[in-house]
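Each remark here refers to the structure printed beneath this line.
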6 protein chains.
Amino acid sequence: MKKSEIIVNALEYIREFRGKVFVVKLGGEVMLDERIIASVAQDLIFLHIVGIKPVVVHGGGGEISHTMDKLGKAPVFVEGLRKTDKETMDIVEMVLTGKVNTQIVSQINKHNGHAVGLSGKSGRLFEARKTNQKVDIGFVGEITKVNPHILETQLQNGYIPVVSPVGLAKSGESLNINADTAASKLAQAMNASKLIILTNVRGVLDKDSRLIKRLTLAEAVKTAKSKTVKGGMKPKIKACIEAINGGVNRTHIVKANTHAVLEEILTKKGTGTLITKNKIKD
Amino acid sequence: MKKSEIIVNALEYIREFRGKVFVVKLGGEVMLDERIIASVAQDLIFLHIVGIKPVVVHGGGGEISHTMDKLGKAPVFVEGLRKTDKETMDIVEMVLTGKVNTQIVSQINKHNGHAVGLSGKSGRLFEARKTNQKVDIGFVGEITKVNPHILETQLQNGYIPVVSPVGLAKSGESLNINADTAASKLAQAMNASKLIILTNVRGVLDKDSRLIKRLTLAEAVKTAKSKTVKGGMKPKIKACIEAINGGVNRTHIVKANTHAVLEEILTKKGTGTLITKNKIKD
Amino acid sequence: MKKSEIIVNALEYIREFRGKVFVVKLGGEVMLDERIIASVAQDLIFLHIVGIKPVVVHGGGGEISHTMDKLGKAPVFVEGLRKTDKETMDIVEMVLTGKVNTQIVSQINKHNGHAVGLSGKSGRLFEARKTNQKVDIGFVGEITKVNPHILETQLQNGYIPVVSPVGLAKSGESLNINADTAASKLAQAMNASKLIILTNVRGVLDKDSRLIKRLTLAEAVKTAKSKTVKGGMKPKIKACIEAINGGVNRTHIVKANTHAVLEEILTKKGTGTLITKNKIKD
Amino acid sequence: MKKSEIIVNALEYIREFRGKVFVVKLGGEVMLDERIIASVAQDLIFLHIVGIKPVVVHGGGGEISHTMDKLGKAPVFVEGLRKTDKETMDIVEMVLTGKVNTQIVSQINKHNGHAVGLSGKSGRLFEARKTNQKVDIGFVGEITKVNPHILETQLQNGYIPVVSPVGLAKSGESLNINADTAASKLAQAMNASKLIILTNVRGVLDKDSRLIKRLTLAEAVKTAKSKTVKGGMKPKIKACIEAINGGVNRTHIVKANTHAVLEEILTKKGTGTLITKNKIKD
Amino acid sequence: MKKSEIIVNALEYIREFRGKVFVVKLGGEVMLDERIIASVAQDLIFLHIVGIKPVVVHGGGGEISHTMDKLGKAPVFVEGLRKTDKETMDIVEMVLTGKVNTQIVSQINKHNGHAVGLSGKSGRLFEARKTNQKVDIGFVGEITKVNPHILETQLQNGYIPVVSPVGLAKSGESLNINADTAASKLAQAMNASKLIILTNVRGVLDKDSRLIKRLTLAEAVKTAKSKTVKGGMKPKIKACIEAINGGVNRTHIVKANTHAVLEEILTKKGTGTLITKNKIKD
Amino acid sequence: MKKSEIIVNALEYIREFRGKVFVVKLGGEVMLDERIIASVAQDLIFLHIVGIKPVVVHGGGGEISHTMDKLGKAPVFVEGLRKTDKETMDIVEMVLTGKVNTQIVSQINKHNGHAVGLSGKSGRLFEARKTNQKVDIGFVGEITKVNPHILETQLQNGYIPVVSPVGLAKSGESLNINADTAASKLAQAMNASKLIILTNVRGVLDKDSRLIKRLTLAEAVKTAKSKTVKGGMKPKIKACIEAINGGVNRTHIVKANTHAVLEEILTKKGTGTLITKNKIKD
């Protein structure tokens, strides 16, 4: 195929999504490979130019633990949640908003995109409260309200927003929010038509480690409870389930290869797992 | 290269031209091949979606002669200009605005584009007067003023305008306008950044029939006078010269192959002849 | 009465209709008389200037048959519908969009109006499908969807749209649409407050050939079935009935005398037949 | 001529003035005849509906003197200017803004127009200072700055502004402004294309009491100094001269008959005196 | 407290009311003291600058009687309503629109505010009809419809509207409207969040002449009927009741001391009587 | 004075600055005292509500050194500039954008303001290059271009931008920018009418440690070179000089007491040093 034919073939997919919001979640595990961030950056710029509105939410768990290490502070986890005392929260915020976020912004802007990084506290984007905690794990929170107005003004003015998952408590304190959940909540609040979770595995795998290409909501609920699914994948599936229940059309869990976002959109089959409310025809 | 890479590579070209007007002239000789019109239609839709503003001007000489034939009226040419009595002018207008124009509109809209066909009389787009004629050749005109407002409202509202080269005389009569000239005038009036003339030869050829890839304005002026250039090519070169003098940045004469417009834009070298004011670096 | 008094008296009628859409259907039979087209053109410009939004839909049956004749092709009618093979459809489109339409545009623009001619294919205005045909009559269609957006952008920008009744099939092919029906559908889709059908008879006549000044919807339904009504009038009455059912307030069938449109609007009685849902008081 | 023809003939005049501002000065002497105010009201509404922007400035000298009389206060004039002590200024303002102005508003709104009356103090429309006075004549002022923004917002929102000639001093005090001058200043500040002064004589008369139909600026300057021109006419001519020097195209002094404004606009000859910079062709 | 602290403390009150409409009724009895008008003017300007939208409605009964006196016309009252023959109505209008209104405008504009005075006839603000009268009391009216559009355009454009309570009858005649009622109707039509009635007593007093700080709707209804409440206060309470029933949140009856409006807003307790639908917590 | 009087007196200052941009530089040395940040937050919100457009730029040198310490990395300074290797730059960015910036955002939003924190890389706000370095000090940069568009969209949409002084190199790398300079450049690019530098001393002091209340540009230039001025104050004075040369009207160096910003604006004398182009009258 000639270049121009490939491009023209992309048209029918693009047209379907013009004017729609895509929330792309970039897992912390993805960001170790600079080539991948660069390719994600290009994908986002492309979406933006053809009239799709991308919003990025990122994680950064590994980087947080790494910095804590350097500061001589051992990470502690309680049932999968990071115990977050005041000092840890300062580190969480520094790493997420001051390092991971600004790196993504740099990548996009280096490729002549117009990214704007912001914390979930900015513009009161994520209003939050402490999670109900049996054991005190400190500044770990859940979103009580999403105020997406600040993101909408940026999208309207030609910017790509990049959001770090930090919430604002009524007290003014910062709260550590799970990035998958934050992305899901944001997708719901912005009536996104897609939630794309980029990670370092191929998607949801079955017990024989084969990729599951399609899941309906019902199947996903079942899968999320199954033992064959590994730890890190469960909150991703749950984020997708919540998003679908909140009105998001299509949710994807995809390996963050080069141009994975475009491949997912511009090809019928995609490369990862697609979770939708009902069975869809290819 | 993966599809997505090709698409991403197209970005840097696209970005350069976002928000700019391209005037694409479709020669009558091009429109015999339906596959080509279809591919031009796709190219135009793509331009439109990535934020470039395409305007089409078309010719239709062959089709006019063909219809005159059927009506038992022999075409007469005086120094390359069609002798156009009242009856002929009616045929010219029927064929251009009622047949060629509507076919292009159909092709674009069939591919889910939003084309709007219009005569140069609509919205007083081409105000015209009869050309100074030593020999009376009737309703042959030249443009005295371009009023592009109607096209701008269409572009702003998401439509692709397709224009037939008919002018409006003060008397309300229709005048037959040369399509190359009409395209050039329009490109100037709309501050187009490109004029692309699609035809059925590879571009401007030298005396050994080799394609000339680049011409500066000075070279083009010389070439337009040279004997090695064939009849039909001369008005095309002149239209480009006039466009450049009127502020258009780049003018192209290109063979209307499949996706020729995209190939011309998305590749550094292009496929036809590029005429610019000064020598450019590749 | 002084000129100024007449003008001032016109105010109360004008005010009632400011900002409203009027669909004016110009029958092909009307367009033989250039004086009448000129006067219609003036009326439309006046409406436009006082803030009423006129949209013109025209026919052109006679001119089509005439051109077919010249091309040595005999018109064939099946139950009042023109048998339209591919070659005939080309002629239909050339004559409607390339001749009749552009003539009306010329007349309006010659009087310094700002008309824009367009085919029903432009901007996907009339999406259509072939009519259900017992006998194959070819490219004869019915409208499945009206997309009036292109007309609205023109009205907002100060243009008078003039529409030829050609529909766009999904295949991209052109379909021949009855002009009365097209006008009626358009009036409904644009929430027009008036549909004015200009023709060459005084209006609906009773069995003694006297003009019927007023018809309610119920009476019109009855009249449309009656034998006293001549062939050409029936589809006009049906178009009015459909328009009223689709929410159009007042529908008129009027002889296209000089300034018939203004006379119909600016005087209480009007000159033709007024069909409304319920009985109205003068 | 049929009604519709008259109306259509009015078109060419209307079109020339669409979107333009007309300042109409209504002399106090005019307002004794209610029929005339009613007809002026209709004229203004008509202008408004066809897209011309009328602004009214009115006088009211007679009514002021009349009310002073009733209050047992004798009017005193010094060189044509009313001696205006504080008590008199209160009466001036009550009569102009509270009586004459509101009567004009009533007339226009009674005919379903949308007039808004306002004092020159509102929105700081007329900033003013006391005139240089050899003899102290109190609160008589001259305009130092016109702030037409408030009128522009009204015109844009579909209202007809009616202005009383009262100025606002820096001290917050009200100042009595000559209405002809106020109208002229306003016409200049708003780039009006016409200033129309309605009065109770036919226009400027020559020494044999014949109407002078046309005056150039140079002739007007001469005429303003001549002895044959009566007292009340001189400030009117001067207001016109100043307006022309300030960029107003055409200035008229006309008798306020029924529909005088429309007659002046809709006929080539007009009924009063037209003063323009240079000689004009009919 | 430092100045800046006081100002910063005002923030929380201001924020609550940003973008809301306040209707402030200035009683005629208030306007004798120029210092008070000046302070009200400053308060209004302040509201305006912090984003609250103030609209002023004023009375002027005393001034009307005073002017009638001077003109040798004795005021007559029938059940609290001024008998208003044609001559009296002229005086009412002159005084209200030409004197009281323009004085308030002067005060605000002298303090660099941007007030615009207008009669309730302007822009058809108060459409009215004569009140049902057992005894003929002439041009006394009640509002049948409020058209607040003219005020909204002024507020949007940065002006403070000042309204005199004159209504427009269908006949075009002016009608004398009770100012408290006019303010209440206006507050309802504009979805005001506050109606503040400024008067010359401290608020609603109980039988021992002590200020009642709070009234619920039910209590207010009862109080309005009680004998302990003096004549002038009853229509004020009724205006508040009507306003609350029409959706206004808080209604105040307050003594017009210096900066009474600001004190009422910027302090929790306020200085007068606050009437609300239900009991409120301080 | 009553509260309301104080507030009303503030009006004349507020009015002068409505719609103007103020750039407020918050020194890192200021942010140790949480009470002060809280009071600055309130001041900014107040400015915002009365229509002034505040933009915050902050430093954070102390906090950076403190964090480096914790990470076992000794800060090195070369001629007052921090030697910034890659690892240090990461810390700089984490602390500035991830800690100091988000703390200011929290404070403003806790007081119900709508702050948005962003790095100078976001929206390409600060394009930068490495400073010319005799000795290699690494990622220390100077601004080559300010793109304030992202800030303007935030101000227009009701947000208070808070900017960390990090620049974006063409390579995509982050550069450490001096905060005083960044604030000055931003003030120039946004046509700010004030640059207010908040610090921990009273302003510019003379050799006897007395506050200098006023400096002209010429005096400031001299003072910046004098030996009596301490190290940290010099770049502040230079930032002011540059700002004035770049068109900023008034520049202030002020001790960050409670409500220092408001005190500086709302009082004639202010509390710190005011530097202006020419001598000003009090």
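Chain identifiers are assigned as A, B, and so on, following the order in which chains appear in the structure tokens; residues are numbered from 1 within each chain, and ligands are numbered from 1 in order of appearance.
Using only C-alpha atoms, the protein and nucleic acid residues lying no more than 8 Å from Glu29 (chain E), apart from those fewer than 6 places from it along its own chain, are Gly60, Gly61, Gly62, Thr199 and Asn200 of chain E.
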Using only C-alpha atoms, determine which residues of chain F fall within 8 Å of chain A; present them as a ChimeraX atom specification.
/F:70-71,90,93-99,102,105-107,109-110,114-119,121-124,150,153-154,157,159,168,170-174
Separating CA of Thr251 (chain C) from CA of Lys234 (chain C), to the nearest tenth of an Å, is a gap of 14.2 Å
Taking 5 positions as the minimum chain separation for residues in the same chain, which residues sit within 10 Å of Phe139 (chain B) when counting only C-alpha atoms? Answer as a compact mmCIF listing (two decimals) with N, CA, C and O atoms, in the first residue's frame.
```
# COMPACT_ATOMS: atom_id res chain seq x y z
N ARG B 82 -12.68 29.09 -26.82
CA ARG B 82 -13.89 28.56 -27.43
C ARG B 82 -14.81 29.70 -27.84
O ARG B 82 -15.17 30.55 -27.02
N LYS B 83 -15.22 29.72 -29.10
CA LYS B 83 -16.20 30.70 -29.54
C LYS B 83 -17.52 30.33 -28.85
O LYS B 83 -18.01 29.22 -28.99
N THR B 84 -18.07 31.28 -28.12
CA THR B 84 -19.18 30.94 -27.22
C THR B 84 -20.39 31.83 -27.49
O THR B 84 -20.55 32.89 -26.90
N ASP B 85 -21.25 31.40 -28.43
CA ASP B 85 -22.48 32.18 -28.63
C ASP B 85 -23.46 31.84 -27.51
O ASP B 85 -23.17 31.01 -26.64
N LYS B 86 -24.62 32.49 -27.50
CA LYS B 86 -25.56 32.31 -26.40
C LYS B 86 -25.91 30.84 -26.19
O LYS B 86 -25.90 30.33 -25.05
N GLU B 87 -26.19 30.15 -27.27
CA GLU B 87 -26.58 28.74 -27.17
C GLU B 87 -25.43 27.90 -26.60
O GLU B 87 -25.64 27.02 -25.76
N THR B 88 -24.22 28.21 -27.05
CA THR B 88 -23.05 27.48 -26.53
C THR B 88 -22.87 27.77 -25.04
O THR B 88 -22.59 26.86 -24.25
N MET B 89 -23.06 29.03 -24.67
CA MET B 89 -22.89 29.38 -23.27
C MET B 89 -23.87 28.59 -22.41
O MET B 89 -23.51 28.12 -21.32
N ARG B 129 -16.23 40.33 -16.81
CA ARG B 129 -16.63 41.10 -17.99
C ARG B 129 -16.12 40.33 -19.21
O ARG B 129 -15.22 39.48 -19.11
N LYS B 130 -16.70 40.64 -20.38
CA LYS B 130 -16.23 39.99 -21.60
C LYS B 130 -14.76 40.35 -21.82
O LYS B 130 -14.35 41.47 -21.57
N THR B 131 -14.00 39.39 -22.33
CA THR B 131 -12.60 39.70 -22.66
C THR B 131 -12.59 40.63 -23.86
O THR B 131 -13.50 40.62 -24.69
N GLY B 167 -18.57 33.03 -14.78
CA GLY B 167 -18.57 34.37 -14.20
C GLY B 167 -19.90 35.08 -14.38
O GLY B 167 -20.70 34.72 -15.25
N ALA B 169 -21.65 38.55 -15.32
CA ALA B 169 -21.48 39.89 -15.88
C ALA B 169 -22.45 40.85 -15.20
O ALA B 169 -23.43 40.43 -14.59
N GLU B 173 -25.67 38.27 -17.26
CA GLU B 173 -25.33 37.17 -18.16
C GLU B 173 -24.17 36.34 -17.60
O GLU B 173 -23.36 36.84 -16.83
N SER B 174 -24.12 35.10 -18.08
CA SER B 174 -23.04 34.20 -17.66
C SER B 174 -21.88 34.32 -18.63
O SER B 174 -22.08 34.50 -19.83
N LEU B 175 -20.64 34.20 -18.09
CA LEU B 175 -19.47 34.23 -18.96
C LEU B 175 -18.60 33.01 -18.68
O LEU B 175 -18.46 32.57 -17.55
N ASN B 176 -18.04 32.49 -19.77
CA ASN B 176 -17.18 31.31 -19.76
C ASN B 176 -15.77 31.75 -19.35
O ASN B 176 -15.16 32.57 -20.02
N ILE B 177 -15.27 31.20 -18.23
CA ILE B 177 -13.97 31.61 -17.72
C ILE B 177 -12.99 30.45 -17.82
O ILE B 177 -13.36 29.31 -17.56
```
Write out as a list in words all residues of region 192-224 of chain E that backbone DSSP assigns to strand (DSSP E).
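DSSP on the backbone gives strand (DSSP E) at Lys194, Leu195, Ile196, Ile197, Leu198, Thr199, Arg214, Leu215 and Thr216 of chain E.
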Selected residues, N, CA and C atoms, written as a short mmCIF file (atom, residue, chain, number, x, y, z; two decimals), in the first residue's frame, please.
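Below is the file that was written, result_37.cif:
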```cif
data_model
loop_
_atom_site.label_atom_id
_atom_site.label_comp_id
_atom_site.auth_asym_id
_atom_site.auth_seq_id
_atom_site.Cartn_x
_atom_site.Cartn_y
_atom_site.Cartn_z
N LYS E 194 -32.07 38.83 45.66
CA LYS E 194 -32.43 39.72 46.75
C LYS E 194 -33.30 40.86 46.26
N LEU E 195 -34.26 41.22 47.10
CA LEU E 195 -34.99 42.49 46.95
C LEU E 195 -34.71 43.28 48.21
N ILE E 196 -34.10 44.47 48.04
CA ILE E 196 -33.76 45.30 49.20
C ILE E 196 -34.55 46.60 49.12
N ILE E 197 -35.44 46.79 50.06
CA ILE E 197 -36.26 48.01 50.07
C ILE E 197 -35.66 48.99 51.07
N LEU E 198 -35.13 50.08 50.55
CA LEU E 198 -34.52 51.10 51.41
C LEU E 198 -35.58 52.14 51.77
N THR E 199 -35.72 52.41 53.07
CA THR E 199 -36.75 53.35 53.48
C THR E 199 -36.20 54.24 54.61
N ARG E 214 -36.09 39.22 61.94
CA ARG E 214 -36.36 38.12 61.01
C ARG E 214 -37.85 37.86 60.92
N LEU E 215 -38.34 37.62 59.73
CA LEU E 215 -39.73 37.18 59.54
C LEU E 215 -39.74 36.04 58.53
N THR E 216 -40.48 34.99 58.84
CA THR E 216 -40.72 33.97 57.82
C THR E 216 -41.90 34.46 56.98
#
```
For Ala243 (chain D), find every residue with an atom within 8 Å (counting only C-alpha atoms), except residues of its own chain fewer than 3 positions away, and show them as a PDB file with N, CA, C and O atoms, in the first residue's frame.
```
ATOM      1  N   SER D 184     -25.768  66.781  16.093  1.00  0.00           N
ATOM      2  CA  SER D 184     -24.623  66.837  15.189  1.00  0.00           C
ATOM      3  C   SER D 184     -23.414  66.121  15.798  1.00  0.00           C
ATOM      4  O   SER D 184     -22.735  65.328  15.123  1.00  0.00           O
ATOM      5  N   LYS D 185     -23.147  66.381  17.061  1.00  0.00           N
ATOM      6  CA  LYS D 185     -22.019  65.735  17.744  1.00  0.00           C
ATOM      7  C   LYS D 185     -22.208  64.223  17.770  1.00  0.00           C
ATOM      8  O   LYS D 185     -21.261  63.450  17.594  1.00  0.00           O
ATOM      9  N   ALA D 187     -24.015  62.413  15.689  1.00  0.00           N
ATOM     10  CA  ALA D 187     -23.853  61.890  14.328  1.00  0.00           C
ATOM     11  C   ALA D 187     -22.378  61.696  14.013  1.00  0.00           C
ATOM     12  O   ALA D 187     -21.972  60.692  13.424  1.00  0.00           O
ATOM     13  N   GLN D 188     -21.543  62.634  14.438  1.00  0.00           N
ATOM     14  CA  GLN D 188     -20.106  62.521  14.186  1.00  0.00           C
ATOM     15  C   GLN D 188     -19.500  61.356  14.968  1.00  0.00           C
ATOM     16  O   GLN D 188     -18.745  60.543  14.428  1.00  0.00           O
ATOM     17  N   LEU D 195     -27.553  62.919   8.879  1.00  0.00           N
ATOM     18  CA  LEU D 195     -28.150  63.696   9.963  1.00  0.00           C
ATOM     19  C   LEU D 195     -29.386  64.349   9.370  1.00  0.00           C
ATOM     20  O   LEU D 195     -29.283  65.080   8.378  1.00  0.00           O
ATOM     21  N   ALA D 239     -25.131  73.191  12.559  1.00  0.00           N
ATOM     22  CA  ALA D 239     -25.048  71.793  12.997  1.00  0.00           C
ATOM     23  C   ALA D 239     -24.714  70.892  11.808  1.00  0.00           C
ATOM     24  O   ALA D 239     -23.907  69.965  11.906  1.00  0.00           O
ATOM     25  N   CYS D 240     -25.329  71.211  10.657  1.00  0.00           N
ATOM     26  CA  CYS D 240     -25.047  70.409   9.457  1.00  0.00           C
ATOM     27  C   CYS D 240     -23.602  70.595   9.015  1.00  0.00           C
ATOM     28  O   CYS D 240     -22.910  69.630   8.659  1.00  0.00           O
ATOM     29  N   GLY D 246     -17.235  66.746  10.328  1.00  0.00           N
ATOM     30  CA  GLY D 246     -16.911  65.602  11.188  1.00  0.00           C
ATOM     31  C   GLY D 246     -17.117  64.273  10.494  1.00  0.00           C
ATOM     32  O   GLY D 246     -17.071  63.221  11.129  1.00  0.00           O
ATOM     33  N   GLY D 247     -17.401  64.287   9.193  1.00  0.00           N
ATOM     34  CA  GLY D 247     -17.422  63.045   8.447  1.00  0.00           C
ATOM     35  C   GLY D 247     -18.801  62.512   8.075  1.00  0.00           C
ATOM     36  O   GLY D 247     -18.918  61.459   7.440  1.00  0.00           O
ATOM     37  N   VAL D 248     -19.853  63.224   8.458  1.00  0.00           N
ATOM     38  CA  VAL D 248     -21.199  62.765   8.084  1.00  0.00           C
ATOM     39  C   VAL D 248     -21.427  63.068   6.606  1.00  0.00           C
ATOM     40  O   VAL D 248     -21.087  64.158   6.130  1.00  0.00           O
ATOM     41  N   THR D 251     -26.513  65.628   5.100  1.00  0.00           N
ATOM     42  CA  THR D 251     -27.283  66.250   6.175  1.00  0.00           C
ATOM     43  C   THR D 251     -28.515  66.891   5.551  1.00  0.00           C
ATOM     44  O   THR D 251     -28.452  67.464   4.467  1.00  0.00           O
TER      45      THR D 251
END
```
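Separating CA of Ala256 (chain A) from CA of Val23 (chain A) is a distance of 14.6 Å.
Going from CA of Phe46 (chain E) to CA of Ile7 (chain F) covers 8.3 Å.
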Near-region 263-280 of chain B list (8 Å; only C-alpha atoms; drop same-chain fewer than 2 positions) as a short mmCIF file (atom, residue, chain, number, x, y, z; two decimals) with C-alpha atoms, in the first residue's frame:
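Done, and the output landed in selection.cif:
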```
data_model
loop_
_atom_site.label_atom_id
_atom_site.label_comp_id
_atom_site.auth_asym_id
_atom_site.auth_seq_id
_atom_site.Cartn_x
_atom_site.Cartn_y
_atom_site.Cartn_z
CA LYS A 3 1.54 5.85 2.21
CA SER A 4 -1.34 7.95 1.02
CA ALA B 10 2.56 12.59 8.08
CA TYR B 13 3.59 18.03 6.99
CA ILE B 14 0.04 18.37 8.16
CA ARG B 202 3.45 14.34 -15.16
CA GLY B 203 4.15 18.07 -14.87
CA VAL B 204 6.25 20.49 -16.88
CA LEU B 211 9.96 15.98 -15.72
CA ILE B 212 11.23 19.31 -14.37
CA LYS B 213 10.88 18.95 -10.59
CA ARG B 214 11.49 22.55 -9.59
CA LEU B 215 11.03 25.93 -11.25
CA THR B 216 11.67 29.35 -9.79
CA LEU B 217 9.44 32.19 -10.88
CA ALA B 218 12.09 33.48 -13.26
CA ALA B 220 8.83 29.56 -15.10
CA CYS B 240 1.03 29.50 -11.44
CA ILE B 244 2.93 33.47 -7.12
CA ASN B 249 3.51 30.38 -1.70
CA ARG B 250 3.76 27.16 -3.62
CA THR B 251 2.16 26.14 -6.89
CA HIS B 252 2.14 22.61 -8.24
CA ILE B 253 1.41 21.06 -11.60
CA VAL B 254 0.88 17.36 -10.99
CA LYS B 255 -0.46 14.28 -12.75
CA HIS B 259 -3.89 10.20 -4.12
CA ALA B 260 -1.69 12.61 -6.02
CA VAL B 261 -2.71 15.48 -3.75
CA ASP B 282 14.69 20.29 -0.24
#
```
Could you list, as a ChimeraX atom specification, every residue within 9 Å of Val221 (chain C), counting only C-alpha atoms and ignoring same-chain residues fewer than 5 positions away?
/C:216,237-238,241
I need the residues from that last selection saved to file as a PDB file, in the first residue's frame (with N, CA and C atoms), if you can.
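Final output, selection.pdb:
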```pdb
ATOM      1  N   THR C 216     -59.455  24.625   4.399  1.00  0.00           N
ATOM      2  CA  THR C 216     -58.905  24.035   5.626  1.00  0.00           C
ATOM      3  C   THR C 216     -58.238  22.718   5.225  1.00  0.00           C
ATOM      4  N   ILE C 237     -51.483  20.420  -4.121  1.00  0.00           N
ATOM      5  CA  ILE C 237     -52.342  20.370  -2.929  1.00  0.00           C
ATOM      6  C   ILE C 237     -51.787  19.355  -1.930  1.00  0.00           C
ATOM      7  N   LYS C 238     -51.333  18.219  -2.455  1.00  0.00           N
ATOM      8  CA  LYS C 238     -50.773  17.205  -1.547  1.00  0.00           C
ATOM      9  C   LYS C 238     -49.530  17.716  -0.832  1.00  0.00           C
ATOM     10  N   ILE C 241     -50.743  19.804   1.971  1.00  0.00           N
ATOM     11  CA  ILE C 241     -51.296  18.980   3.051  1.00  0.00           C
ATOM     12  C   ILE C 241     -50.177  18.394   3.902  1.00  0.00           C
TER      13      ILE C 241
END
```
Tell me, as a list in words, which residues lie within 10 Å of region 206-209 of chain F, counting only C-alpha atoms; anything in the same chain fewer than 4 positions away does not count.
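Close residues of region 206-209 of chain F: Arg202, Thr223, Ser226, Lys227, Thr228 and Val229 of chain F.
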Just to be explicit: take each residue in the selection above, keep N, CA, C and O atoms, and write the result as a PDB file, in the first residue's frame.
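The new file selection.pdb reads:
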```
ATOM      1  N   ARG F 202      11.924  44.392  54.069  1.00  0.00           N
ATOM      2  CA  ARG F 202      10.916  45.432  53.909  1.00  0.00           C
ATOM      3  C   ARG F 202      10.873  46.073  52.523  1.00  0.00           C
ATOM      4  O   ARG F 202       9.923  46.765  52.164  1.00  0.00           O
ATOM      5  N   THR F 223      21.248  52.161  42.105  1.00  0.00           N
ATOM      6  CA  THR F 223      21.162  51.376  43.336  1.00  0.00           C
ATOM      7  C   THR F 223      21.568  49.919  43.102  1.00  0.00           C
ATOM      8  O   THR F 223      22.225  49.299  43.951  1.00  0.00           O
ATOM      9  N   SER F 226      25.147  49.629  43.510  1.00  0.00           N
ATOM     10  CA  SER F 226      25.751  50.110  44.756  1.00  0.00           C
ATOM     11  C   SER F 226      26.116  48.946  45.678  1.00  0.00           C
ATOM     12  O   SER F 226      25.531  47.861  45.612  1.00  0.00           O
ATOM     13  N   LYS F 227      27.080  49.222  46.528  1.00  0.00           N
ATOM     14  CA  LYS F 227      27.542  48.176  47.426  1.00  0.00           C
ATOM     15  C   LYS F 227      26.657  48.010  48.639  1.00  0.00           C
ATOM     16  O   LYS F 227      26.726  47.014  49.359  1.00  0.00           O
ATOM     17  N   THR F 228      25.852  49.042  48.921  1.00  0.00           N
ATOM     18  CA  THR F 228      25.028  48.979  50.125  1.00  0.00           C
ATOM     19  C   THR F 228      23.896  47.965  49.988  1.00  0.00           C
ATOM     20  O   THR F 228      23.317  47.524  50.974  1.00  0.00           O
ATOM     21  N   VAL F 229      23.581  47.591  48.722  1.00  0.00           N
ATOM     22  CA  VAL F 229      22.470  46.654  48.528  1.00  0.00           C
ATOM     23  C   VAL F 229      22.972  45.223  48.645  1.00  0.00           C
ATOM     24  O   VAL F 229      23.953  44.844  48.023  1.00  0.00           O
TER      25      VAL F 229
END
```
Enumerate the residues of region 82-111 of chain E with a DSSP assignment of helix (DSSP H, G or I), computed from the backbone, and present them as a list of chain:residue names.
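Reading the DSSP output for region 82-111 of chain E, helix (DSSP H, G or I) covers E:Lys86, E:Glu87, E:Thr88, E:Met89, E:Asp90, E:Ile91, E:Val92, E:Glu93, E:Met94, E:Val95, E:Leu96, E:Thr97, E:Gly98, E:Lys99, E:Val100, E:Asn101, E:Thr102, E:Gln103, E:Ile104, E:Val105, E:Ser106, E:Gln107, E:Ile108, E:Asn109, E:Lys110.
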